[in-house]
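Asks: My structure file structure.tsv, TSV, C-alpha atoms, is below:
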```
chain	number	residue	atom	x	y	z
A	1	MET	CA	101.04	114.31	119.56
A	2	GLU	CA	98.96	111.50	118.11
A	3	LEU	CA	96.49	109.40	120.12
A	4	LEU	CA	97.40	105.73	119.78
A	5	THR	CA	95.12	102.81	120.67
A	6	MET	CA	97.04	99.77	121.88
A	7	SER	CA	96.12	96.38	123.28
A	8	LYS	CA	97.48	95.19	126.64
A	9	LYS	CA	99.94	92.96	124.80
A	10	GLU	CA	101.25	95.88	122.78
A	11	LEU	CA	101.54	98.05	125.90
A	12	SER	CA	103.61	95.38	127.65
A	13	ARG	CA	105.84	95.23	124.57
A	14	VAL	CA	106.39	99.00	124.78
A	15	GLU	CA	107.39	98.68	128.45
A	16	VAL	CA	109.88	95.93	127.60
A	17	MET	CA	111.31	97.93	124.69
A	18	GLU	CA	111.81	100.89	127.06
A	19	ARG	CA	113.78	98.59	129.39
A	20	ILE	CA	115.91	97.40	126.48
A	21	LYS	CA	116.49	101.01	125.45
A	22	ALA	CA	117.60	101.88	129.01
A	23	LYS	CA	119.94	98.84	128.97
A	24	LYS	CA	118.08	97.35	131.94
A	25	MET	CA	117.07	94.23	130.00
A	26	THR	CA	118.63	92.15	127.26
A	27	GLN	CA	116.77	90.94	124.19
A	28	LYS	CA	117.07	87.39	125.48
A	29	ASN	CA	115.45	88.32	128.81
A	30	ALA	CA	112.81	90.28	126.92
A	31	SER	CA	111.96	87.24	124.81
A	32	GLU	CA	111.44	85.19	127.97
A	33	ALA	CA	109.34	87.93	129.59
A	34	LEU	CA	107.11	88.30	126.53
A	35	GLY	CA	106.97	84.60	125.66
A	36	LEU	CA	108.44	85.22	122.21
A	37	SER	CA	111.52	84.03	120.35
A	38	VAL	CA	114.69	86.12	120.43
A	39	ARG	CA	114.32	86.64	116.66
A	40	HIS	CA	110.83	88.05	117.12
A	41	VAL	CA	112.06	90.42	119.84
A	42	ARG	CA	114.81	91.61	117.48
A	43	ARG	CA	112.20	92.34	114.83
A	44	LEU	CA	110.06	94.25	117.36
A	45	TRP	CA	113.14	96.17	118.57
A	46	LYS	CA	113.99	97.15	115.00
A	47	ASN	CA	110.42	98.45	114.46
A	48	TYR	CA	110.50	100.26	117.80
A	49	GLN	CA	113.77	102.00	116.96
A	50	ALA	CA	112.47	103.07	113.55
A	51	GLU	CA	108.92	104.16	114.45
A	52	GLY	CA	108.65	104.25	118.24
A	53	ALA	CA	105.54	102.80	119.89
A	54	VAL	CA	103.65	103.02	116.59
A	55	GLY	CA	105.95	100.32	115.22
A	56	LEU	CA	104.63	97.83	117.78
A	57	VAL	CA	100.95	98.28	116.88
A	58	SER	CA	99.50	95.49	114.75
A	59	LYS	CA	99.41	96.37	111.07
A	60	ARG	CA	96.40	94.07	110.60
A	61	ARG	CA	94.10	96.01	112.93
A	62	GLY	CA	90.79	96.76	111.23
A	63	ILE	CA	91.34	94.35	108.33
A	64	ILE	CA	88.69	91.68	107.88
A	65	GLN	CA	90.14	88.22	107.42
A	66	PRO	CA	89.20	86.57	104.11
A	67	GLY	CA	87.87	83.47	105.87
A	68	ALA	CA	86.32	85.29	108.82
A	69	ARG	CA	82.81	84.30	109.75
A	70	SER	CA	80.03	86.79	110.05
A	71	PHE	CA	76.80	85.92	111.84
A	72	PHE	CA	73.51	87.58	111.19
A	73	LEU	CA	69.84	86.92	111.78
A	74	ARG	CA	67.18	87.52	109.15
A	75	ILE	CA	63.63	87.77	110.45
A	76	ASP	CA	60.61	87.80	108.16
A	77	LYS	CA	56.97	87.60	109.20
A	78	THR	CA	56.80	83.80	109.11
A	79	LYS	CA	60.36	82.51	108.96
A	80	ILE	CA	63.70	83.01	110.68
A	81	ALA	CA	67.01	82.39	108.95
A	82	ILE	CA	70.35	82.26	110.71
A	83	CYS	CA	73.29	82.32	108.36
A	84	ILE	CA	76.97	81.81	109.02
A	85	THR	CA	79.03	83.04	106.13
A	86	THR	CA	82.69	82.68	105.33
A	87	THR	CA	82.77	85.21	102.54
A	88	LYS	CA	85.00	88.22	102.00
A	89	ARG	CA	81.99	90.49	102.37
A	90	PRO	CA	80.43	90.36	105.85
A	91	GLY	CA	76.66	90.16	105.65
A	92	ALA	CA	76.60	88.62	102.18
A	93	LEU	CA	74.48	85.51	101.84
A	94	PRO	CA	76.26	82.48	100.41
A	95	ALA	CA	74.75	81.16	97.18
A	96	LYS	CA	74.14	77.63	98.51
A	97	VAL	CA	72.06	78.85	101.47
A	98	GLY	CA	69.97	81.36	99.55
A	99	ARG	CA	67.72	84.06	100.88
A	100	ASN	CA	64.86	81.77	101.89
A	101	ALA	CA	66.75	79.40	104.21
A	102	ILE	CA	64.63	78.26	107.13
A	103	VAL	CA	66.20	77.13	110.38
A	104	ASN	CA	64.10	75.01	112.75
```
Represent the structure from my file as structure tokens, please.
Replies:
Amino acid sequence: MELLTMSKKELSRVEVMERIKAKKMTQKNASEALGLSVRHVRRLWKNYQAEGAVGLVSKRRGIIQPGARSFFLRIDKTKIAICITTTKRPGALPAKVGRNAIVN
């Protein structure tokens, strides 16, 4: 048995899929309960049937978004630089800010 980490949203989706499986809920009622479209519930149901609860876990977990911001603080003896980057590599300094940026 594999340990699976799920968010609260994903856990609620598993509960709803179990109700659909037991024929206690329709896909239309499930879409209303989850706040999703019927088409999206059908897609989730298809994944659930094929892979079980693993099929409902986000495939994007752990992937850094290309435009995600990373914040870091650089402290030298006499100056402090706070940089907000939108690069693909978190922690990389953007060329236009440079390594000697001073923030007042």
Asks: What is the distance, in Å and to one decimal place, between CA of Leu56 in chain A and CA of Leu11 in chain A?
Replies: 8.7 Å
Asks: Residues within 10 Å of Thr5 in chain A, please, as an MDAnalysis selection string. Count all atoms listed in the file; anything in the same chain fewer than 4 positions from it doesn't count.
Replies: chainID A and resid 10:11 54 57
Asks: Measuring between only C-alpha atoms, which one of A:Leu4, A:Trp45, A:Arg60, A:Ala50 shows the shortest distance to Glu18 in chain A?
Replies: A:Trp45
Asks: Please indicate the distance in Å from CA of Met25 in chain A to CA of Met6 in chain A, rounded to one decimal place.
Replies: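 Atom-to-atom, CA of Met25 in chain A and CA of Met6 in chain A are spaced 22.3 Å apart.
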Asks: Report the distance between CA of Val41 in chain A and CA of Gln27 in chain A in Å, rounded to one decimal place.
Replies: 6.4 Å
Asks: List the neighbours of Lys21 in chain A out to 12 Å using all atoms listed in the file; skip same-chain residues closer than 2 positions along the sequence, and give me the result as a PyMOL selection string.
Replies: chain A and resi 14-19+23-27+30+45-46+48-49+52
Asks: For Leu3 in chain A, which residue among A:Ile20, A:Val38, A:Ala53, A:Ile63 is the nearest when counting all atoms listed in the file?
Replies: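 Checking each candidate against Leu3 in chain A, we get A:Ala53 as the closest.
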Asks: Identify which of the residues A:Ser12, A:Arg42, A:Ser31, A:Ser7 lies closest to Arg61 in chain A, counting all atoms listed in the file when measuring atom-to-atom distances.
Replies: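 Comparing A:Ser12, A:Arg42, A:Ser31, A:Ser7 against Arg61 in chain A, the winner is A:Ser7.
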Asks: Measuring atom to atom with only C-alpha atoms, identify which of A:Arg39, A:Lys59, A:Lys28, A:Leu34 is nearest to Arg13 in chain A.
Replies: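 Among A:Arg39, A:Lys59, A:Lys28, A:Leu34, it is A:Leu34 that comes nearest to Arg13 in chain A.
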Asks: Reconstruct N, CA and C atoms of range 4-31 of chain A; output as a compact mmCIF listing (two decimals), keeping the file's coordinate frame.
Replies:
```txt
# COMPACT_ATOMS: atom_id res chain seq x y z
N LEU A 4 97.11 107.07 120.28
CA LEU A 4 97.40 105.73 119.78
C LEU A 4 96.64 104.71 120.61
N THR A 5 95.85 103.87 119.98
CA THR A 5 95.12 102.81 120.67
C THR A 5 95.96 101.55 120.62
N MET A 6 96.20 100.98 121.80
CA MET A 6 97.04 99.77 121.88
C MET A 6 96.36 98.73 122.76
N SER A 7 96.61 97.47 122.44
CA SER A 7 96.12 96.38 123.28
C SER A 7 97.05 96.23 124.49
N LYS A 8 96.64 95.43 125.46
CA LYS A 8 97.48 95.19 126.64
C LYS A 8 98.80 94.53 126.24
N LYS A 9 98.73 93.64 125.28
CA LYS A 9 99.94 92.96 124.80
C LYS A 9 100.92 93.97 124.21
N GLU A 10 100.39 94.88 123.41
CA GLU A 10 101.25 95.88 122.78
C GLU A 10 101.83 96.85 123.82
N LEU A 11 101.04 97.18 124.84
CA LEU A 11 101.54 98.05 125.90
C LEU A 11 102.68 97.38 126.67
N SER A 12 102.54 96.08 126.94
CA SER A 12 103.61 95.38 127.65
C SER A 12 104.87 95.32 126.78
N ARG A 13 104.68 95.22 125.47
CA ARG A 13 105.84 95.23 124.57
C ARG A 13 106.55 96.58 124.61
N VAL A 14 105.78 97.67 124.69
CA VAL A 14 106.39 99.00 124.78
C VAL A 14 107.21 99.12 126.05
N GLU A 15 106.67 98.63 127.17
CA GLU A 15 107.39 98.68 128.45
C GLU A 15 108.71 97.91 128.36
N VAL A 16 108.66 96.74 127.74
CA VAL A 16 109.88 95.93 127.60
C VAL A 16 110.88 96.62 126.68
N MET A 17 110.41 97.22 125.60
CA MET A 17 111.31 97.93 124.69
C MET A 17 111.96 99.13 125.39
N GLU A 18 111.23 99.79 126.28
CA GLU A 18 111.81 100.89 127.06
C GLU A 18 112.92 100.37 127.97
N ARG A 19 112.73 99.19 128.55
CA ARG A 19 113.78 98.59 129.39
C ARG A 19 115.01 98.23 128.57
N ILE A 20 114.78 97.72 127.36
CA ILE A 20 115.91 97.40 126.48
C ILE A 20 116.65 98.68 126.12
N LYS A 21 115.90 99.72 125.81
CA LYS A 21 116.49 101.01 125.45
C LYS A 21 117.34 101.57 126.59
N ALA A 22 116.87 101.39 127.84
CA ALA A 22 117.60 101.88 129.01
C ALA A 22 118.71 100.92 129.44
N LYS A 23 118.91 99.85 128.69
CA LYS A 23 119.94 98.84 128.97
C LYS A 23 119.70 98.14 130.31
N LYS A 24 118.44 98.06 130.71
CA LYS A 24 118.08 97.35 131.94
C LYS A 24 117.66 95.92 131.67
N MET A 25 117.50 95.58 130.38
CA MET A 25 117.07 94.23 130.00
C MET A 25 117.72 93.88 128.68
N THR A 26 118.07 92.61 128.52
CA THR A 26 118.63 92.15 127.26
C THR A 26 117.49 91.64 126.37
N GLN A 27 117.79 91.47 125.10
CA GLN A 27 116.77 90.94 124.19
C GLN A 27 116.40 89.51 124.56
N LYS A 28 117.36 88.77 125.07
CA LYS A 28 117.07 87.39 125.48
C LYS A 28 116.11 87.38 126.66
N ASN A 29 116.35 88.23 127.66
CA ASN A 29 115.45 88.32 128.81
C ASN A 29 114.08 88.84 128.39
N ALA A 30 114.07 89.75 127.43
CA ALA A 30 112.81 90.28 126.92
C ALA A 30 112.00 89.18 126.24
N SER A 31 112.68 88.33 125.49
CA SER A 31 111.96 87.24 124.81
C SER A 31 111.32 86.30 125.82
```
